[in-house]
file start12.pdb (PDB, C-alpha atoms)
ATOM      1  CA  THR X   1      56.709 106.670 -90.956
ATOM      2  CA  GLY X   2      60.207 105.832 -89.800
ATOM      3  CA  TYR X   3      59.248 103.187 -87.225
ATOM      4  CA  GLY X   4      59.847  99.462 -87.547
ATOM      5  CA  GLN X   5      60.323  98.607 -91.218
ATOM      6  CA  SER X   6      58.529 101.703 -92.524
ATOM      7  CA  GLU X   7      60.413 104.034 -94.831
ATOM      8  CA  GLY X   8      61.210 107.631 -93.962
ATOM      9  CA  VAL X   9      62.458 109.322 -90.835
ATOM     10  CA  ALA X  10      60.417 109.310 -87.630
ATOM     11  CA  ASN X  11      59.140 112.748 -86.654
ATOM     12  CA  GLU X  12      56.139 114.234 -84.874
ATOM     13  CA  ARG X  13      54.555 115.797 -87.976
ATOM     14  CA  ASP X  14      54.470 112.465 -89.826
ATOM     15  CA  ILE X  15      52.983 110.635 -86.836
ATOM     16  CA  TYR X  16      49.961 112.962 -86.997
ATOM     17  CA  SER X  17      49.863 112.801 -90.790
ATOM     18  CA  ASP X  18      49.908 108.981 -90.724
ATOM     19  CA  ILE X  19      46.970 108.715 -88.302
ATOM     20  CA  ASP X  20      45.009 111.317 -90.295
ATOM     21  CA  GLN X  21      45.461 109.217 -93.446
ATOM     22  CA  VAL X  22      44.381 106.049 -91.654
ATOM     23  CA  PHE X  23      41.306 107.837 -90.312
ATOM     24  CA  ASP X  24      40.436 109.271 -93.728
ATOM     25  CA  PHE X  25      40.736 105.768 -95.178
ATOM     26  CA  ALA X  26      38.552 104.227 -92.452
ATOM     27  CA  LEU X  27      35.854 106.898 -92.596
ATOM     28  CA  ALA X  28      35.729 107.772 -96.297
ATOM     29  CA  TYR X  29      36.886 104.665 -98.142
ATOM     30  CA  LYS X  30      35.783 101.917 -95.734
ATOM     31  CA  GLN X  31      32.811 104.012 -94.529
ATOM     32  CA  ILE X  32      33.221 102.965 -90.909
ATOM     33  CA  ALA X  33      31.007 105.080 -88.668
ATOM     34  CA  LEU X  34      32.902 107.271 -86.222
ATOM     35  CA  GLU X  35      30.835 105.952 -83.323
ATOM     36  CA  LYS X  36      32.075 102.413 -84.039
ATOM     37  CA  ILE X  37      35.757 103.306 -83.658
ATOM     38  CA  ILE X  38      37.746 102.630 -80.494
ATOM     39  CA  LEU X  39      41.267 103.985 -80.658
ATOM     40  CA  PHE X  40      44.196 102.001 -79.254
ATOM     41  CA  GLY X  41      47.585 103.579 -78.697
ATOM     42  CA  SER X  42      50.547 101.933 -77.037
ATOM     43  CA  SER X  43      53.684 103.831 -75.984
ATOM     44  CA  ILE X  44      54.444 106.326 -78.769
ATOM     45  CA  GLY X  45      51.237 105.149 -80.459
ATOM     46  CA  SER X  46      49.370 106.940 -77.676
ATOM     47  CA  VAL X  47      50.391 110.244 -79.284
ATOM     48  CA  PRO X  48      48.313 109.918 -82.485
ATOM     49  CA  SER X  49      45.457 108.230 -80.593
ATOM     50  CA  VAL X  50      45.165 111.183 -78.197
ATOM     51  CA  SER X  51      45.487 113.573 -81.136
ATOM     52  CA  ILE X  52      42.484 111.985 -82.879
ATOM     53  CA  ALA X  53      40.393 111.541 -79.713
ATOM     54  CA  SER X  54      40.898 115.200 -78.757
ATOM     55  CA  SER X  55      40.121 116.584 -82.211
ATOM     56  CA  PRO X  56      36.767 118.423 -82.502
ATOM     57  CA  LYS X  57      36.357 116.761 -85.902
ATOM     58  CA  PHE X  58      36.613 113.249 -84.422
ATOM     59  CA  CYS X  59      35.310 113.729 -80.861
ATOM     60  CA  GLY X  60      32.557 111.207 -81.610
ATOM     61  CA  VAL X  61      34.828 108.166 -81.450
ATOM     62  CA  LYS X  62      33.413 105.479 -79.199
ATOM     63  CA  GLY X  63      36.410 105.153 -76.900
ATOM     64  CA  CYS X  64      40.169 105.212 -76.511
ATOM     65  CA  ILE X  65      42.617 102.788 -74.903
ATOM     66  CA  LEU X  66      46.070 104.043 -73.918
ATOM     67  CA  LEU X  67      48.758 101.545 -72.951
ATOM     68  CA  SER X  68      51.849 103.108 -71.341
ATOM     69  CA  PRO X  69      51.102 106.523 -72.837
ATOM     70  CA  ILE X  70      53.466 109.466 -73.197
ATOM     71  CA  ALA X  71      52.242 112.631 -71.482
ATOM     72  CA  SER X  72      54.971 114.882 -72.813
ATOM     73  CA  GLY X  73      58.152 114.529 -74.834
ATOM     74  CA  ASN X  74      59.960 116.979 -72.558
ATOM     75  CA  ASN X  75      59.033 114.971 -69.480
ATOM     76  CA  LEU X  76      60.317 111.817 -71.144
ATOM     77  CA  ILE X  77      63.558 113.475 -72.252
ATOM     78  CA  ASN X  78      64.127 114.943 -68.791
ATOM     79  CA  TYR X  79      63.575 111.483 -67.273
ATOM     80  CA  THR X  80      66.180 109.847 -69.532
ATOM     81  CA  ASN X  81      68.666 112.732 -69.756
ATOM     82  CA  SER X  82      68.398 115.619 -67.323
ATOM     83  CA  ASN X  83      71.088 117.586 -69.212
ATOM     84  CA  LEU X  84      68.860 118.142 -72.253
ATOM     85  CA  GLU X  85      66.386 120.978 -72.655
ATOM     86  CA  CYS X  86      63.875 121.322 -75.470
ATOM     87  CA  ILE X  87      62.260 124.560 -76.571
ATOM     88  CA  ASN X  88      59.193 122.881 -78.071
ATOM     89  CA  ASP X  89      57.462 120.136 -76.142
ATOM     90  CA  VAL X  90      56.933 117.357 -78.664
ATOM     91  CA  PHE X  91      54.255 114.718 -78.095
ATOM     92  CA  ASN X  92      52.458 116.926 -75.571
ATOM     93  CA  THR X  93      49.457 114.641 -75.163
ATOM     94  CA  VAL X  94      48.697 115.816 -71.622
ATOM     95  CA  SER X  95      47.678 119.216 -73.007
ATOM     96  CA  LEU X  96      45.235 117.514 -75.414
ATOM     97  CA  ALA X  97      43.754 115.088 -72.874
ATOM     98  CA  LYS X  98      41.320 117.641 -71.433
ATOM     99  CA  GLU X  99      39.661 117.907 -74.878
ATOM    100  CA  ILE X 100      38.777 114.200 -75.029
ATOM    101  CA  ILE X 101      35.067 113.488 -74.623
ATOM    102  CA  CYS X 102      34.966 109.705 -75.122
ATOM    103  CA  PRO X 103      35.696 107.200 -72.334
ATOM    104  CA  VAL X 104      39.420 106.437 -72.024
ATOM    105  CA  PHE X 105      41.016 103.349 -70.487
ATOM    106  CA  VAL X 106      44.592 104.010 -69.317
ATOM    107  CA  VAL X 107      46.834 101.028 -68.553
ATOM    108  CA  HIS X 108      50.389 101.446 -67.285
ATOM    109  CA  GLY X 109      52.798  99.145 -65.477
ATOM    110  CA  LYS X 110      54.127 100.535 -62.214
ATOM    111  CA  LEU X 111      57.633  99.255 -63.004
ATOM    112  CA  ASP X 112      57.810 100.858 -66.466
ATOM    113  CA  ASN X 113      61.313 102.306 -66.816
ATOM    114  CA  VAL X 114      60.868 103.431 -70.436
ATOM    115  CA  ILE X 115      57.860 105.707 -69.884
ATOM    116  CA  PRO X 116      57.384 106.292 -66.150
ATOM    117  CA  ILE X 117      53.893 105.747 -64.747
ATOM    118  CA  GLU X 118      53.730 109.441 -63.810
ATOM    119  CA  HIS X 119      52.943 110.087 -67.484
ATOM    120  CA  SER X 120      49.671 108.180 -67.089
ATOM    121  CA  TYR X 121      48.915 109.868 -63.779
ATOM    122  CA  ASN X 122      49.288 113.277 -65.450
ATOM    123  CA  ILE X 123      47.094 112.324 -68.409
ATOM    124  CA  VAL X 124      44.356 110.856 -66.198
ATOM    125  CA  LYS X 125      44.200 114.095 -64.164
ATOM    126  CA  GLU X 126      43.086 115.864 -67.366
ATOM    127  CA  LEU X 127      40.562 113.288 -68.581
ATOM    128  CA  LYS X 128      36.840 113.727 -68.002
ATOM    129  CA  ASN X 129      35.814 110.068 -68.302
ATOM    130  CA  SER X 130      38.484 107.483 -67.562
ATOM    131  CA  MET X 131      39.121 104.043 -66.180
ATOM    132  CA  THR X 132      42.615 103.025 -65.074
ATOM    133  CA  TRP X 133      44.621  99.951 -64.298
ATOM    134  CA  TYR X 134      48.186 100.087 -62.971
ATOM    135  CA  PRO X 135      49.523  96.541 -62.477
ATOM    136  CA  ASN X 136      52.226  96.420 -59.778
ATOM    137  CA  LYS X 137      54.835  94.208 -61.440
ATOM    138  CA  ALA X 138      54.378  95.237 -65.083
ATOM    139  CA  THR X 139      57.137  96.943 -67.055
ATOM    140  CA  HIS X 140      56.924  98.649 -70.439
ATOM    141  CA  SER X 141      56.974  95.430 -72.423
ATOM    142  CA  ASN X 142      55.670  92.582 -70.262
ATOM    143  CA  LEU X 143      52.191  93.736 -69.231
ATOM    144  CA  ALA X 144      50.243  91.762 -71.845
ATOM    145  CA  THR X 145      52.171  88.575 -71.112
ATOM    146  CA  LEU X 146      52.654  88.782 -67.329
ATOM    147  CA  TYR X 147      49.024  89.777 -66.746
ATOM    148  CA  ARG X 148      47.503  88.175 -69.845
ATOM    149  CA  GLN X 149      44.163  86.978 -68.425
ATOM    150  CA  LYS X 150      43.621  90.012 -66.234
ATOM    151  CA  TYR X 151      44.623  92.355 -69.085
ATOM    152  CA  TYR X 152      42.050  90.857 -71.450
ATOM    153  CA  ALA X 153      39.412  90.802 -68.709
ATOM    154  CA  LYS X 154      40.012  94.527 -68.036
ATOM    155  CA  LEU X 155      39.823  95.301 -71.765
ATOM    156  CA  LYS X 156      36.580  93.352 -72.006
ATOM    157  CA  THR X 157      35.135  95.290 -69.039
ATOM    158  CA  PHE X 158      36.057  98.610 -70.654
ATOM    159  CA  LEU X 159      34.625  97.596 -74.028
ATOM    160  CA  LYS X 160      31.383  96.523 -72.355
ATOM    161  CA  TYR X 161      31.238  99.836 -70.486
ATOM    162  CA  VAL X 162      31.698 101.744 -73.735
ATOM    163  CA  GLU X 163      29.114  99.608 -75.543
ATOM    164  CA  ASP X 164      26.552  99.967 -72.768
ATOM    165  CA  ASN X 165      27.015 103.715 -72.404
ATOM    166  CA  TYR X 166      27.423 105.004 -75.924
ATOM    167  CA  SER X 167      24.084 105.457 -77.617
ATOM    168  CA  LYS X 168      22.949 107.229 -80.749
ATOM    169  CA  VAL X 169      20.708 109.436 -78.645
ATOM    170  CA  ASN X 170      23.702 110.868 -76.804
ATOM    171  CA  ARG X 171      25.657 111.116 -80.046
ATOM    172  CA  ILE X 172      22.836 113.179 -81.614
ATOM    173  CA  ARG X 173      22.710 115.410 -78.523
ATOM    174  CA  LEU X 174      26.462 115.976 -78.765
ATOM    175  CA  ASP X 175      26.334 116.608 -82.519
ATOM    176  CA  SER X 176      23.614 119.224 -82.081
ATOM    177  CA  ILE X 177      25.834 121.406 -79.888
ATOM    178  CA  SER X 178      28.273 123.771 -81.579
ATOM    179  CA  GLN X 179      31.889 123.014 -80.690
ATOM    180  CA  SER X 180      32.326 126.446 -79.088
ATOM    181  CA  LYS X 181      29.710 125.539 -76.482
ATOM    182  CA  LEU X 182      31.348 122.270 -75.441
ATOM    183  CA  ASP X 183      32.480 123.467 -72.045
ATOM    184  CA  SER X 184      33.212 121.078 -69.210
ATOM    185  CA  THR X 185      29.661 121.271 -67.843
ATOM    186  CA  VAL X 186      28.122 120.145 -71.116
ATOM    187  CA  ILE X 187      30.765 117.462 -71.568
ATOM    188  CA  ASP X 188      30.140 116.097 -68.064
ATOM    189  CA  LEU X 189      26.459 115.700 -68.933
ATOM    190  CA  LEU X 190      27.254 113.930 -72.192
ATOM    191  CA  CYS X 191      30.232 111.818 -71.192
ATOM    192  CA  LEU X 192      27.962 109.044 -69.989
ATOM    193  CA  LYS X 193      29.477 108.687 -66.555
ATOM    194  CA  LYS X 194      27.796 106.165 -64.299
TER     195      LYS X 194
END
call {"tool": "encode", "arguments": {"input": "start12.pdb", "output": "structure tokens"}}
result
Amino acid sequence: TGYGQSEGVANERDIYSDIDQVFDFALAYKQIALEKIILFGSSIGSVPSVSIASSPKFCGVKGCILLSPIASGNNLINYTNSNLECINDVFNTVSLAKEIICPVFVVHGKLDNVIPIEHSYNIVKELKNSMTWYPNKATHSNLATLYRQKYYAKLKTFLKYVEDNYSKVNRIRLDSISQSKLDSTVIDLLCLKK
């Protein structure tokens, strides 16, 4: 809502509402199994992807890919305009990252001047199961073109890792545990780390 040619006004509430509707459509109407879904969020699209991946209701997604993600709206605002202060931290994905169980692939160009690479560093610190790639000469908008072959090779490697390590046996084990007992010890055992 409110981005590109979509109607409405862009706001945080509608970003979450939009992804919830897409997920409801995929799961209920299209009947796509949760364990077949790999989330992909680029730039501001990382916000709803992290929201879904960190949700107890959807923690069974197969994986998540974050391209130039936002760790925190306040951090981004302070980077672009140090005179502004916000009371509420919008797009606070870094606080949700520690709740993500699925494998996450974080990609961020080191020369990104729209969303500084520190956002990815902060998110990765909170993740339990992550792979990263930080290409040296990539900016916010040229990563997929400047590093085309390497980018697709890295994506393929991550997708193979997810495919090889996500099994129904582990999904059943995770489903059998009540959400209140999903502490970091249990998650480490179930996150399928090599």
call {"tool": "resolve_selection", "arguments": {"input": "start12.pdb", "expression": "the PyMOL selection byres ((chain X and resi 43-46) around 8)", "output": "ChimeraX atom specification"}}
result
/X:40-42,47-50,66-70,115
call {"tool": "atom_distance", "arguments": {"input": "start12.pdb", "atom1": "atom CA of Ser95 of chain X", "atom2": "atom CA of Asn129 of chain X"}}
result
15.7 Å
call {"tool": "residues_around", "arguments": {"input": "start12.pdb", "residues": "Lys36 of chain X", "least_positions_apart": "5", "cutoff": "12 Å", "atoms": "only C-alpha atoms", "output": "PyMOL selection string"}}
result
chain X and resi 26-27+31+58+60-64+102+159+162-163+166-168+171
call {"tool": "residues_around", "arguments": {"input": "start12.pdb", "residues": "Ile52 of chain X", "least_positions_apart": "6", "cutoff": "9 Å", "atoms": "only C-alpha atoms", "output": "ChimeraX atom specification"}}
result
/X:16,19-20,23,39,58-59,61,100
call {"tool": "atom_distance", "arguments": {"input": "start12.pdb", "atom1": "atom CA of Phe91 of chain X", "atom2": "atom CA of Ser72 of chain X"}}
result
5.3 Å
call {"tool": "closest_residue", "arguments": {"input": "start12.pdb", "among": "X:Val107, X:Ala138, X:Ala71, X:Ala144", "to": "Asn122 of chain X", "atoms": "all atoms listed in the file"}}
result
X:Ala71
call {"tool": "closest_residue", "arguments": {"input": "start12.pdb", "among": "X:Met131, X:Lys125, X:Leu146, X:Val104", "to": "Ile38 of chain X", "atoms": "only C-alpha atoms"}}
result
X:Val104
call {"tool": "atom_distance", "arguments": {"input": "start12.pdb", "atom1": "atom CA of Tyr121 of chain X", "atom2": "atom CA of Gly109 of chain X"}}
result
11.5 Å
